[in-house]
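> mmCIF, C-alpha atoms and all ligand atoms, saved as work.cif, coming up:
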```cif
data_work
#
loop_
_atom_site.label_atom_id
_atom_site.label_comp_id
_atom_site.auth_asym_id
_atom_site.auth_seq_id
_atom_site.Cartn_x
_atom_site.Cartn_y
_atom_site.Cartn_z
CA MET Z 1 0.00 0.00 0.00
CA ALA Z 2 1.21 3.51 -0.82
CA LYS Z 3 2.44 5.64 2.07
CA LYS Z 4 1.32 9.24 1.99
CA ILE Z 5 3.75 11.95 3.02
CA VAL Z 6 2.47 15.48 3.39
CA VAL Z 7 5.20 17.98 2.48
CA ILE Z 8 4.94 21.52 3.84
CA PRO Z 9 7.75 23.66 2.41
CA GLY Z 10 6.65 26.88 4.19
CA ASP Z 11 8.73 30.04 3.79
CA GLY Z 12 12.30 31.23 3.12
CA ILE Z 13 14.65 28.30 2.55
CA GLY Z 14 11.76 25.90 3.25
CA LYS Z 15 11.21 25.07 -0.42
CA GLU Z 16 14.91 24.51 -1.17
CA ILE Z 17 15.46 22.15 1.76
CA THR Z 18 12.23 20.14 1.37
CA ASP Z 19 12.93 19.76 -2.38
CA SER Z 20 16.26 18.31 -1.38
CA ALA Z 21 14.81 15.91 1.20
CA VAL Z 22 12.13 14.71 -1.24
CA ALA Z 23 14.79 14.06 -3.91
CA VAL Z 24 16.70 11.93 -1.40
CA LEU Z 25 13.52 10.11 -0.34
CA LYS Z 26 12.74 9.36 -4.00
CA LYS Z 27 16.20 7.92 -4.42
CA ALA Z 28 15.73 5.73 -1.33
CA ASP Z 29 12.31 4.70 -2.65
CA GLU Z 30 13.84 3.53 -5.94
CA LYS Z 31 16.31 1.42 -4.06
CA TYR Z 32 14.17 0.04 -1.25
CA GLY Z 33 10.68 0.03 -2.84
CA LEU Z 34 9.07 2.18 -0.17
CA GLY Z 35 5.95 3.14 -2.16
CA LEU Z 36 5.95 6.80 -1.11
CA GLU Z 37 3.43 9.36 -2.38
CA TYR Z 38 3.68 13.10 -1.81
CA GLU Z 39 1.03 15.71 -1.24
CA TYR Z 40 2.06 19.38 -0.93
CA HIS Z 41 0.35 21.86 1.38
CA ASP Z 42 0.81 25.50 2.35
CA ALA Z 43 1.59 26.89 5.77
CA GLY Z 44 3.24 29.95 7.29
CA GLY Z 45 3.59 33.32 5.59
CA THR Z 46 3.04 31.69 2.20
CA ALA Z 47 -0.38 30.45 3.35
CA TYR Z 48 -1.16 33.81 4.98
CA ASP Z 49 -0.52 35.58 1.66
CA LYS Z 50 -2.77 33.16 -0.23
CA PHE Z 51 -5.56 32.47 2.25
CA GLY Z 52 -5.23 35.07 5.03
CA VAL Z 53 -4.35 32.43 7.64
CA PRO Z 54 -1.01 30.74 8.45
CA LEU Z 55 -2.51 27.28 8.89
CA PRO Z 56 -5.42 26.48 6.55
CA GLU Z 57 -7.79 23.80 7.85
CA THR Z 58 -7.07 21.74 4.71
CA THR Z 59 -3.37 21.56 5.66
CA LEU Z 60 -4.11 20.28 9.16
CA GLU Z 61 -6.67 17.77 7.89
CA ALA Z 62 -4.23 16.47 5.26
CA CYS Z 63 -1.59 15.98 7.96
CA LYS Z 64 -4.05 14.02 10.10
CA ALA Z 65 -4.73 11.68 7.18
CA ALA Z 66 -1.04 11.21 6.24
CA ASP Z 67 1.53 8.60 7.26
CA GLY Z 68 4.08 11.30 8.01
CA VAL Z 69 4.63 15.04 7.63
CA LEU Z 70 7.82 16.63 6.32
CA PHE Z 71 8.01 20.29 7.31
CA GLY Z 72 10.49 22.92 6.06
CA ALA Z 73 10.35 26.20 7.99
CA VAL Z 74 8.09 29.21 8.42
CA GLY Z 75 8.54 32.89 9.15
CA GLY Z 76 10.28 35.96 7.79
CA ASP Z 77 10.59 39.72 8.20
CA LYS Z 78 7.83 40.28 5.65
CA TRP Z 79 5.26 39.10 8.20
CA ASP Z 80 6.78 40.69 11.31
CA ASN Z 81 3.93 43.16 11.62
CA VAL Z 82 0.91 40.95 11.00
CA GLU Z 83 -1.45 40.42 13.89
CA PRO Z 84 0.21 38.06 16.44
CA SER Z 85 -2.45 35.34 16.08
CA LEU Z 86 -1.79 35.24 12.31
CA ARG Z 87 2.03 35.20 12.39
CA PRO Z 88 3.64 32.47 10.22
CA GLU Z 89 5.03 30.77 13.36
CA LYS Z 90 1.43 30.06 14.40
CA ALA Z 91 1.41 27.46 11.63
CA ILE Z 92 3.97 25.20 13.24
CA LEU Z 93 2.54 25.84 16.72
CA GLY Z 94 -0.96 25.00 15.40
CA LEU Z 95 0.29 21.81 13.75
CA ARG Z 96 1.99 20.71 16.97
CA LYS Z 97 -1.16 21.35 18.98
CA GLY Z 98 -3.55 20.07 16.31
CA LEU Z 99 -1.65 16.80 15.93
CA GLY Z 100 -1.02 16.42 19.68
CA LEU Z 101 2.75 16.34 19.10
CA TYR Z 102 3.81 16.51 22.72
CA ALA Z 103 7.38 15.29 22.26
CA ASN Z 104 10.13 16.69 20.08
CA LEU Z 105 13.27 14.57 19.73
CA ARG Z 106 16.34 16.52 18.67
CA PRO Z 107 19.43 14.32 18.29
CA VAL Z 108 22.94 15.76 18.20
CA LYS Z 109 25.60 13.39 16.98
CA VAL Z 110 28.84 14.91 15.84
CA ALA Z 111 30.02 13.26 12.63
CA ASP Z 112 33.75 12.52 12.77
CA ALA Z 113 34.21 14.62 9.63
CA LEU Z 114 32.74 17.64 11.43
CA VAL Z 115 34.70 17.51 14.67
CA GLU Z 116 36.95 20.29 13.35
CA TYR Z 117 33.98 22.52 12.47
CA SER Z 118 32.49 22.91 15.89
CA PRO Z 119 33.04 26.28 17.53
CA LEU Z 120 34.24 24.13 20.47
CA LYS Z 121 37.64 22.45 20.62
CA PRO Z 122 37.77 19.07 18.79
CA GLU Z 123 38.64 17.18 21.99
CA LEU Z 124 35.44 18.48 23.61
CA VAL Z 125 33.08 17.47 20.80
CA ARG Z 126 34.54 14.16 19.68
CA GLY Z 127 32.01 11.49 20.67
CA VAL Z 128 29.09 13.82 21.42
CA ASP Z 129 25.89 11.78 21.06
CA LEU Z 130 22.90 13.21 22.85
CA VAL Z 131 19.21 13.74 22.30
CA ILE Z 132 17.10 16.58 23.59
CA VAL Z 133 13.55 15.50 24.43
CA ARG Z 134 11.61 18.75 24.39
CA GLU Z 135 8.02 19.07 25.65
CA LEU Z 136 6.22 20.62 22.68
CA VAL Z 137 2.58 21.48 23.37
CA GLY Z 138 2.62 23.03 26.83
CA GLY Z 139 4.43 25.54 29.02
CA ILE Z 140 4.69 29.25 28.31
CA TYR Z 141 4.20 28.70 24.55
CA PHE Z 142 0.59 27.70 25.08
CA GLY Z 143 -0.31 29.48 28.34
CA ASP Z 144 -2.61 32.49 28.58
CA ARG Z 145 -1.06 35.70 27.36
CA CYS Z 146 -1.84 39.36 27.11
CA GLU Z 147 -0.32 41.42 24.30
CA SER Z 148 -1.00 44.73 25.96
CA GLU Z 149 -2.80 46.12 28.99
CA ILE Z 150 -2.52 49.20 31.14
CA LYS Z 151 -1.69 48.61 34.78
CA ASP Z 152 -0.71 51.35 37.26
CA GLY Z 153 -0.56 53.74 34.32
CA HIS Z 154 1.96 51.69 32.33
CA GLU Z 155 1.57 49.39 29.36
CA ARG Z 156 2.52 45.81 30.07
CA ALA Z 157 2.30 42.34 28.49
CA TRP Z 158 2.46 38.89 30.03
CA ASP Z 159 2.75 35.18 29.19
CA LEU Z 160 1.79 32.46 31.62
CA GLU Z 161 3.97 29.37 32.12
CA ASN Z 162 2.05 26.35 33.39
CA TYR Z 163 2.51 22.59 33.44
CA SER Z 164 0.27 19.83 34.77
CA VAL Z 165 1.48 16.55 36.25
CA PRO Z 166 0.15 14.41 33.34
CA GLU Z 167 1.91 16.68 30.82
CA VAL Z 168 5.21 16.24 32.64
CA GLU Z 169 4.66 12.51 33.19
CA ARG Z 170 4.15 11.64 29.52
CA ILE Z 171 7.22 13.49 28.26
CA THR Z 172 9.33 12.11 31.12
CA LYS Z 173 8.26 8.53 30.37
CA LEU Z 174 9.23 9.01 26.75
CA ALA Z 175 12.63 10.37 27.81
CA PHE Z 176 13.25 7.35 30.07
CA GLU Z 177 12.13 4.91 27.38
CA THR Z 178 14.52 6.67 24.98
CA ALA Z 179 17.37 6.43 27.51
CA LYS Z 180 16.73 2.69 27.98
CA LEU Z 181 17.53 2.20 24.30
CA ARG Z 182 20.67 4.35 24.58
CA ARG Z 183 23.22 4.80 27.38
CA GLY Z 184 20.71 4.84 30.25
CA LYS Z 185 21.13 8.39 31.50
CA VAL Z 186 18.52 11.15 31.75
CA THR Z 187 19.29 14.76 32.66
CA SER Z 188 16.18 16.76 33.52
CA VAL Z 189 16.60 20.50 33.02
CA ASP Z 190 14.55 23.10 34.86
CA LYS Z 191 14.73 26.30 36.88
CA ALA Z 192 13.45 24.81 40.15
CA ASN Z 193 15.42 27.32 42.23
CA VAL Z 194 13.02 30.03 41.04
CA LEU Z 195 9.93 28.71 39.23
CA ALA Z 196 6.94 26.82 40.69
CA THR Z 197 6.36 25.04 37.36
CA SER Z 198 9.94 23.78 37.52
CA ARG Z 199 9.48 22.48 41.08
CA LEU Z 200 6.41 20.51 39.95
CA TRP Z 201 8.43 19.34 36.95
CA ARG Z 202 11.29 18.09 39.16
CA ARG Z 203 8.96 16.31 41.64
CA THR Z 204 7.11 14.60 38.81
CA VAL Z 205 10.29 13.53 37.03
CA ALA Z 206 11.59 12.00 40.29
CA LYS Z 207 8.38 9.96 40.69
CA VAL Z 208 8.47 8.68 37.10
CA ALA Z 209 12.15 7.78 37.58
CA GLU Z 210 11.20 5.32 40.35
CA GLY Z 211 9.74 3.10 37.62
CA TYR Z 212 13.09 3.04 35.78
CA PRO Z 213 15.66 1.73 38.27
CA ASP Z 214 18.14 1.00 35.47
CA VAL Z 215 18.18 4.56 34.19
CA GLU Z 216 20.31 7.15 35.99
CA LEU Z 217 18.61 10.51 36.64
CA GLY Z 218 20.38 13.83 37.10
CA ASN Z 219 18.90 17.32 37.45
CA LEU Z 220 20.43 20.55 36.19
CA TYR Z 221 19.27 24.13 36.30
CA VAL Z 222 18.89 25.49 32.79
CA ASP Z 223 21.59 28.15 33.18
CA ASN Z 224 24.11 25.53 34.28
CA CYS Z 225 22.98 23.18 31.49
CA ALA Z 226 23.66 25.91 28.92
CA MET Z 227 27.19 26.15 30.31
CA GLN Z 228 27.70 22.36 30.54
CA LEU Z 229 26.75 21.98 26.86
CA ALA Z 230 29.69 24.24 26.06
CA VAL Z 231 32.24 22.84 28.53
CA ARG Z 232 31.53 19.08 28.45
CA PRO Z 233 28.81 18.10 25.97
CA THR Z 234 29.84 14.42 26.05
CA GLN Z 235 28.36 14.07 29.58
CA PHE Z 236 24.81 14.06 28.13
CA ASP Z 237 22.76 11.14 26.88
CA VAL Z 238 19.09 12.19 27.08
CA ILE Z 239 18.13 15.73 28.12
CA VAL Z 240 14.45 16.16 29.00
CA THR Z 241 13.07 19.66 29.42
CA GLY Z 242 10.13 21.99 28.89
CA ASN Z 243 9.11 23.80 25.75
CA LEU Z 244 10.98 27.11 26.14
CA PHE Z 245 14.19 25.72 27.64
CA GLY Z 246 14.20 22.97 24.99
CA ASP Z 247 13.92 25.54 22.21
CA ILE Z 248 16.88 27.54 23.47
CA LEU Z 249 19.14 24.63 24.43
CA SER Z 250 18.63 22.86 21.11
CA ASP Z 251 20.01 25.74 19.02
CA GLU Z 252 23.04 25.74 21.31
CA ALA Z 253 23.43 21.95 21.11
CA ALA Z 254 23.04 22.08 17.32
CA VAL Z 255 26.10 24.26 16.75
CA VAL Z 256 28.15 22.00 18.99
CA GLY Z 257 27.78 19.69 16.00
CA GLY Z 258 29.08 22.32 13.59
CA SER Z 259 26.02 24.02 12.09
CA ILE Z 260 22.37 24.48 12.91
CA GLY Z 261 21.71 23.36 9.32
CA MET Z 262 22.62 19.79 10.31
CA MET Z 263 20.13 19.11 13.09
CA PRO Z 264 16.96 17.11 12.40
CA SER Z 265 13.96 16.55 14.64
CA ALA Z 266 10.96 14.29 15.06
CA SER Z 267 7.78 15.44 16.76
CA ILE Z 268 5.62 12.61 17.97
CA GLY Z 269 2.36 12.31 19.84
CA GLU Z 270 -1.25 11.34 19.44
CA CYS Z 271 -1.65 11.44 15.65
CA THR Z 272 0.64 11.68 12.60
CA SER Z 273 4.27 12.48 13.46
CA LEU Z 274 5.98 15.52 11.96
CA TYR Z 275 9.63 15.84 10.93
CA GLU Z 276 11.50 19.10 10.54
CA PRO Z 277 14.98 20.56 10.87
CA ILE Z 278 15.33 22.65 14.03
CA HIS Z 279 16.42 25.80 12.20
CA GLY Z 280 14.14 28.45 10.78
CA SER Z 281 13.47 29.93 7.37
CA ALA Z 282 16.90 31.64 7.28
CA PRO Z 283 15.72 34.79 5.48
CA ASP Z 284 19.34 35.97 5.13
CA ILE Z 285 20.18 33.15 2.70
CA ALA Z 286 16.73 32.30 1.25
CA GLY Z 287 16.65 31.97 -2.55
CA LYS Z 288 20.45 31.88 -2.85
CA GLY Z 289 20.63 28.12 -3.27
CA ILE Z 290 23.21 27.73 -0.48
CA ALA Z 291 21.16 26.39 2.45
CA ASN Z 292 22.46 23.23 4.06
CA PRO Z 293 19.78 20.61 3.35
CA MET Z 294 21.21 17.96 5.70
CA GLY Z 295 19.01 18.72 8.72
CA THR Z 296 15.94 18.23 6.55
CA VAL Z 297 17.36 15.16 4.79
CA LEU Z 298 18.13 13.63 8.21
CA SER Z 299 14.58 14.53 9.34
CA ALA Z 300 13.29 12.57 6.34
CA ALA Z 301 15.41 9.62 7.51
CA MET Z 302 13.76 9.89 10.93
CA LEU Z 303 10.36 9.84 9.18
CA LEU Z 304 11.29 6.57 7.47
CA ARG Z 305 12.50 5.09 10.76
CA TYR Z 306 9.75 6.15 13.17
CA SER Z 307 6.63 6.50 11.02
CA LEU Z 308 7.24 3.90 8.30
CA HIS Z 309 9.56 1.48 10.18
CA GLU Z 310 11.92 1.46 7.18
CA GLU Z 311 15.11 1.17 9.21
CA GLU Z 312 17.33 0.06 6.34
CA ALA Z 313 16.37 2.97 4.10
CA ALA Z 314 16.70 5.42 7.01
CA ARG Z 315 20.18 4.20 7.76
CA ALA Z 316 21.14 4.38 4.08
CA ILE Z 317 20.22 8.08 4.04
CA GLU Z 318 22.14 8.78 7.25
CA LYS Z 319 25.18 6.97 5.89
CA ALA Z 320 24.93 8.90 2.61
CA VAL Z 321 25.02 12.18 4.55
CA ASP Z 322 28.05 11.01 6.56
CA LYS Z 323 29.79 9.90 3.37
CA THR Z 324 29.08 13.25 1.69
CA LEU Z 325 30.87 14.98 4.54
CA GLU Z 326 33.70 12.44 4.62
CA ASP Z 327 34.19 12.98 0.89
CA GLY Z 328 34.77 16.66 1.57
CA PHE Z 329 31.55 18.29 0.28
CA ARG Z 330 30.43 21.30 2.28
CA THR Z 331 27.68 23.90 1.99
CA PRO Z 332 28.96 27.40 2.88
CA ASP Z 333 27.87 27.17 6.54
CA LEU Z 334 30.52 24.44 7.01
CA TRP Z 335 33.02 25.24 4.28
CA LYS Z 336 36.73 25.72 4.92
CA GLU Z 337 39.78 25.97 2.63
CA GLY Z 338 40.66 22.57 1.16
CA PHE Z 339 37.07 21.31 0.82
CA THR Z 340 34.60 21.26 -2.06
CA LYS Z 341 32.03 24.04 -1.74
CA VAL Z 342 28.56 23.00 -2.92
CA GLY Z 343 25.13 24.62 -3.01
CA THR Z 344 21.88 22.99 -1.93
CA GLU Z 345 21.17 21.28 -5.27
CA GLU Z 346 24.68 19.97 -5.74
CA ALA Z 347 24.81 18.70 -2.14
CA THR Z 348 21.51 16.92 -2.80
CA LYS Z 349 22.91 15.21 -5.90
CA VAL Z 350 25.98 14.09 -3.99
CA ILE Z 351 23.82 12.66 -1.19
CA CYS Z 352 21.51 10.91 -3.70
CA ASP Z 353 24.52 9.31 -5.41
CA ARG Z 354 25.56 7.86 -2.06
CA VAL Z 355 22.19 6.48 -0.95
P1 LIG Z 401 17.15 30.65 11.58
O1 LIG Z 401 17.34 29.29 12.14
O2 LIG Z 401 16.24 30.79 10.43
O3 LIG Z 401 18.58 31.26 11.16
C1 LIG Z 401 19.62 31.47 12.11
C2 LIG Z 401 20.97 31.52 11.36
O4 LIG Z 401 21.30 30.19 10.94
C3 LIG Z 401 20.93 32.37 10.10
O5 LIG Z 401 22.18 33.00 9.94
C4 LIG Z 401 20.72 31.36 8.97
O6 LIG Z 401 21.24 31.74 7.72
C5 LIG Z 401 21.46 30.12 9.54
N1 LIG Z 401 20.85 28.89 9.04
C6 LIG Z 401 19.65 28.35 9.44
N2 LIG Z 401 19.39 27.24 8.76
C7 LIG Z 401 20.42 27.05 7.89
C8 LIG Z 401 20.71 26.07 6.89
N3 LIG Z 401 19.89 25.04 6.64
N4 LIG Z 401 21.87 26.20 6.19
C9 LIG Z 401 22.72 27.22 6.42
N5 LIG Z 401 22.49 28.18 7.36
C10 LIG Z 401 21.35 28.10 8.08
O7 LIG Z 401 16.67 31.55 12.80
P2 LIG Z 401 16.16 33.09 12.83
O8 LIG Z 401 16.95 33.90 11.87
O9 LIG Z 401 16.15 33.45 14.25
O10 LIG Z 401 14.66 33.02 12.34
C11 LIG Z 401 14.21 33.29 11.02
C12 LIG Z 401 12.73 33.00 10.91
O11 LIG Z 401 12.50 31.59 11.05
C13 LIG Z 401 11.88 33.65 12.00
O12 LIG Z 401 10.68 34.08 11.42
C14 LIG Z 401 11.65 32.53 12.99
O13 LIG Z 401 10.47 32.69 13.74
C15 LIG Z 401 11.53 31.36 12.06
N6 LIG Z 401 11.81 30.03 12.65
C16 LIG Z 401 11.03 29.02 12.20
C17 LIG Z 401 11.26 27.73 12.63
C18 LIG Z 401 10.36 26.64 12.12
O14 LIG Z 401 9.66 26.85 11.15
N7 LIG Z 401 10.35 25.48 12.72
C19 LIG Z 401 12.31 27.47 13.49
C20 LIG Z 401 13.11 28.54 13.93
C21 LIG Z 401 12.85 29.83 13.50
C1 LIG Z 402 11.67 25.74 16.71
C2 LIG Z 402 11.25 27.16 16.41
C3 LIG Z 402 9.80 27.38 16.83
C4 LIG Z 402 9.74 27.20 18.34
C5 LIG Z 402 9.18 28.73 16.43
C6 LIG Z 402 9.29 28.99 14.96
C7 LIG Z 402 7.75 28.83 16.86
O1 LIG Z 402 12.12 28.06 17.01
O2 LIG Z 402 11.01 24.81 16.20
O3 LIG Z 402 12.65 25.54 17.42
O4 LIG Z 402 10.01 28.15 19.10
O5 LIG Z 402 9.40 26.11 18.78
MN MN Z 403 13.89 27.15 17.87
#
```
Could you take the file, read its structure, and then write that structure out as structure tokens?
Ligand code: NAD
Ligand code: IPM
Ligand code: MN


Amino acid sequence: MAKKIVVIPGDGIGKEITDSAVAVLKKADEKYGLGLEYEYHDAGGTAYDKFGVPLPETTLEACKAADGVLFGAVGGDKWDNVEPSLRPEKAILGLRKGLGLYANLRPVKVADALVEYSPLKPELVRGVDLVIVRELVGGIYFGDRCESEIKDGHERAWDLENYSVPEVERITKLAFETAKLRRGKVTSVDKANVLATSRLWRRTVAKVAEGYPDVELGNLYVDNCAMQLAVRPTQFDVIVTGNLFGDILSDEAAVVGGSIGMMPSASIGECTSLYEPIHGSAPDIAGKGIANPMGTVLSAAMLLRYSLHEEEAARAIEKAVDKTLEDGFRTPDLWKEGFTKVGTEEATKVICDRV
């Protein structure tokens, strides 16, 4: 039976990088007989321009009916002044909520060929292999907010952070299950020295941990975690954290691996899973044909693995990306003297040849 993949290019470099990932998927399909079909849908600023909303109902419904969703990126300066509820970013937030995608897995594995590219010293990044498990449909992102009110004669705005025990339990269980399949270590990250939500988070994580005697649990405050990622990133196996902290720490963790353009993610939950690179629409390089497509290509590999259980094809794509780097091909974000500089399309061809 055919497997339906909904592709949402979005804005900025979104089209370039999803075109690349689909080309690689087609190559894998030829080789492994995956039977993939593609259906394209709009979201973000592109959808706002066409339909007046960032997430058309038809896009969400198509995602619900699909076997997997491949998402590019949304956003851009052009839409900076639209009404907050219609911003392009509302598309990805609406998809996460609408599909019940409560967990976002963001793996960071530093390819040997990229050890020299990290802004950190090679001896610090060699062997880094961690995954950030980010809570994705709760916390301050989805709490009540007020854009503007007058209090005591001054304009103010506010956003409410809140977490319930079941919300923390389900993401924590997923983090522990993930750790069981890896090196058996979970680091929970919070700000329990200041925030009530973090204290509830820490208590709940400790209770869930009782059911996993073989997994080691550590707690870190988020400020210290940000520092530890820079001084000794190899200490981490699974990091579990809330929505806002997970957003911030994952950009930091991504560059440990050389470039934000390399980092894939899988969002899983109650309905169809969604796969997207962690970076944004990169307006500064959009349309130039130089975006690094590897984060999106590796997201497509995660789609094959988790949604379609096509492990062999997923691994072939991951190996092709590694080989591309080993063979010296670099998009400008990773290029140095002595290597072959390639644009998005050329990088895609090189990856396809190696699948
Ligand atoms: P960004 O991730 O788009 O870009 C940050 C920097 O990284 C830029 O210099 C960019 O050129 C570079 N970069 C990002 N991806 C790259 C790639 N694949 N190859 C080479 N270089 C790459 O973050 P930003 O500039 O803060 O945000 C731009 C827009 O994207 C905003 O509207 C933001 O809200 C949105 N955004 C969307 C998503 C998403 O759709 N999931 C994620 C993050 C940001
Ligand atoms: C990400 C992005 C999104 C987030 C934005 C675009 C809403 O930064 O996926 O990391 O904050 O979750
Ligand atoms: Mn982010």

> For a test of reading the model, state the distance in Å between CA of Lys185 in chain Z and CA of Glu167 in chain Z, rounded to one decimal.

20.9 Å

> Step by step: start from the point (8.7, 19.4, 26.8) in the file's coordinates, keep every protein, DNA or RNA residue that has an atom no farther than 8 Å from it, count all atoms listed in the file, and write the set as a list in words.

Tyr102, Ala103, Asn104, Val133, Arg134, Glu135, Leu136, Val137, Gly138, Gly139, Val168, Ile171, Val240, Thr241, Gly242, Asn243 and Gly246 of chain Z

> In Å to one decimal, how far is atom O3 of ligand LIG 402 (chain Z) from CA of Ala266 in chain Z?

11.6 Å

> Please build the interface table for chain Z against ligand MN 403 (chain Z) with a cut-off of 9 Å, listing for each qualifying residue the nearest atom pair and the distance in Å to one decimal; count all atoms listed in the file, order rows by chain and increasing number, and write it as a tab-separated table.


```
residue	atom	partner	partner_atom	distance
Z:Leu244	CA	Z:MN403	MN	8.8
Z:Gly246	CA	Z:MN403	MN	8.3
Z:Asp247	CA	Z:MN403	MN	4.6
Z:Ile248	CA	Z:MN403	MN	6.4
Z:Leu249	CA	Z:MN403	MN	8.8
Z:Ser250	CA	Z:MN403	MN	7.2
Z:Asp251	CA	Z:MN403	MN	6.4
Z:Ile278	CA	Z:MN403	MN	6.1
Z:His279	CA	Z:MN403	MN	6.4
Z:Gly280	CA	Z:MN403	MN	7.2
```

> Export C-alpha atoms of the chosen residues as an mmCIF file, in the frame of the given file?


```cif
data_model
loop_
_atom_site.group_PDB
_atom_site.id
_atom_site.type_symbol
_atom_site.label_atom_id
_atom_site.label_comp_id
_atom_site.auth_asym_id
_atom_site.auth_seq_id
_atom_site.Cartn_x
_atom_site.Cartn_y
_atom_site.Cartn_z
ATOM 1 C CA LEU Z 244 10.980 27.110 26.140
ATOM 2 C CA GLY Z 246 14.200 22.970 24.990
ATOM 3 C CA ASP Z 247 13.920 25.540 22.210
ATOM 4 C CA ILE Z 248 16.880 27.540 23.470
ATOM 5 C CA LEU Z 249 19.140 24.630 24.430
ATOM 6 C CA SER Z 250 18.630 22.860 21.110
ATOM 7 C CA ASP Z 251 20.010 25.740 19.020
ATOM 8 C CA ILE Z 278 15.330 22.650 14.030
ATOM 9 C CA HIS Z 279 16.420 25.800 12.200
ATOM 10 C CA GLY Z 280 14.140 28.450 10.780
#
```

> Just the number, please: distance in Å from CA of Ile239 in chain Z to CA of His309 in chain Z, one decimal.

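Taking CA of Ile239 in chain Z and CA of His309 in chain Z, their separation equals 24.5 Å.
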
> I'd like the contact shell of range 191-196 of chain Z - 7 Å cut-off, all atoms listed in the file, skipping same-chain residues fewer than 4 positions apart - returned as number ranges by chain.

Z: 200, 221-222

> Could you write out as AutoDock Vina command-line options the box around ligand LIG 401 (chain Z) (axis-aligned, all atoms listed in the file, 5 Å on each side), with centre and edge lengths in Å to one decimal?


```
--center_x 16.2 --center_y 29.6 --center_z 10.2 --size_x 23.1 --size_y 19.0 --size_z 18.1
```

> Restricting the calculation to all atoms listed in the file, which member of Z:Val125, Z:Ile5, Z:Val74, Z:Ala175 is positioned closest to ligand LIG 401 (chain Z)?

Z:Val74

> I'd like to know which of Z:Cys352, Z:Ala320, Z:Ala91, Z:Ala111 is closest to ligand LIG 401 (chain Z), using all atoms listed in the file.

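Looking at the shortest contact to ligand LIG 401 (chain Z), the residue is Z:Ala91.
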
> Which residue is closest to Ile317 in chain Z? Choose from Z:Asp29, Z:Glu337, Z:Glu37, Z:Asp11 and count all atoms listed in the file.

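Of the candidates, the smallest distance to Ile317 in chain Z is held by Z:Asp29.
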
> Would you mind listing the residues within 6 Å of ligand LIG 401 (chain Z), counting all atoms listed in the file, as a list in words?

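Written in the requested form, the residues are Ala73, Val74, Gly75, Gly76, Glu89, Ile260, Gly261, Ile278, His279, Gly280, Ser281, Ala282, Pro283, Asp284, Ile285, Ala291, Asn292, Pro293 and Asp333 of chain Z.
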
> May I have the residues within 7 Å of Glu169 in chain Z as a CSV table (one decimal) with C-alpha atoms, in the frame of the given file, using only C-alpha atoms and disregarding those fewer than 2 positions away in the same chain?


```csv
chain,number,residue,atom,x,y,z
Z,165,VAL,CA,1.5,16.6,36.2
Z,166,PRO,CA,0.2,14.4,33.3
Z,167,GLU,CA,1.9,16.7,30.8
Z,171,ILE,CA,7.2,13.5,28.3
Z,172,THR,CA,9.3,12.1,31.1
Z,173,LYS,CA,8.3,8.5,30.4
Z,204,THR,CA,7.1,14.6,38.8
Z,205,VAL,CA,10.3,13.5,37.0
Z,208,VAL,CA,8.5,8.7,37.1
```

> Between Z:Leu274, Z:Leu99, Z:Val6, Z:Leu120, which residue has the minimum interatomic distance to ligand LIG 402 (chain Z), considering only C-alpha atoms and all ligand atoms?

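Of Z:Leu274, Z:Leu99, Z:Val6, Z:Leu120, the one nearest ligand LIG 402 (chain Z) is Z:Leu274, counting only C-alpha atoms and all ligand atoms.
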
> Just want the 12 Å neighbourhood of Lys15 in chain Z, counted on all atoms listed in the file, with same-chain residues fewer than 2 positions away dropped. Output as a PyMOL selection string.

chain Z and resi 7-13+17-22+40-43+46+70-74+281-282+286-289+291+293+296+344-345

> Export, as a CSV table (one decimal), keeping the file's coordinate frame, the selected residues with C-alpha atoms.


```
chain,number,residue,atom,x,y,z
Z,7,VAL,CA,5.2,18.0,2.5
Z,8,ILE,CA,4.9,21.5,3.8
Z,9,PRO,CA,7.8,23.7,2.4
Z,10,GLY,CA,6.6,26.9,4.2
Z,11,ASP,CA,8.7,30.0,3.8
Z,12,GLY,CA,12.3,31.2,3.1
Z,13,ILE,CA,14.6,28.3,2.6
Z,17,ILE,CA,15.5,22.2,1.8
Z,18,THR,CA,12.2,20.1,1.4
Z,19,ASP,CA,12.9,19.8,-2.4
Z,20,SER,CA,16.3,18.3,-1.4
Z,21,ALA,CA,14.8,15.9,1.2
Z,22,VAL,CA,12.1,14.7,-1.2
Z,40,TYR,CA,2.1,19.4,-0.9
Z,41,HIS,CA,0.4,21.9,1.4
Z,42,ASP,CA,0.8,25.5,2.4
Z,43,ALA,CA,1.6,26.9,5.8
Z,46,THR,CA,3.0,31.7,2.2
Z,70,LEU,CA,7.8,16.6,6.3
Z,71,PHE,CA,8.0,20.3,7.3
Z,72,GLY,CA,10.5,22.9,6.1
Z,73,ALA,CA,10.4,26.2,8.0
Z,74,VAL,CA,8.1,29.2,8.4
Z,281,SER,CA,13.5,29.9,7.4
Z,282,ALA,CA,16.9,31.6,7.3
Z,286,ALA,CA,16.7,32.3,1.2
Z,287,GLY,CA,16.6,32.0,-2.6
Z,288,LYS,CA,20.4,31.9,-2.8
Z,289,GLY,CA,20.6,28.1,-3.3
Z,291,ALA,CA,21.2,26.4,2.4
Z,293,PRO,CA,19.8,20.6,3.4
Z,296,THR,CA,15.9,18.2,6.6
Z,344,THR,CA,21.9,23.0,-1.9
Z,345,GLU,CA,21.2,21.3,-5.3
```

> Nearest to ligand LIG 402 (chain Z): which of Z:Ile290, Z:Ala253, Z:Leu217, Z:Val53 is it, counting all atoms listed in the file?

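Comparing Z:Ile290, Z:Ala253, Z:Leu217, Z:Val53 against ligand LIG 402 (chain Z), the winner is Z:Ala253.
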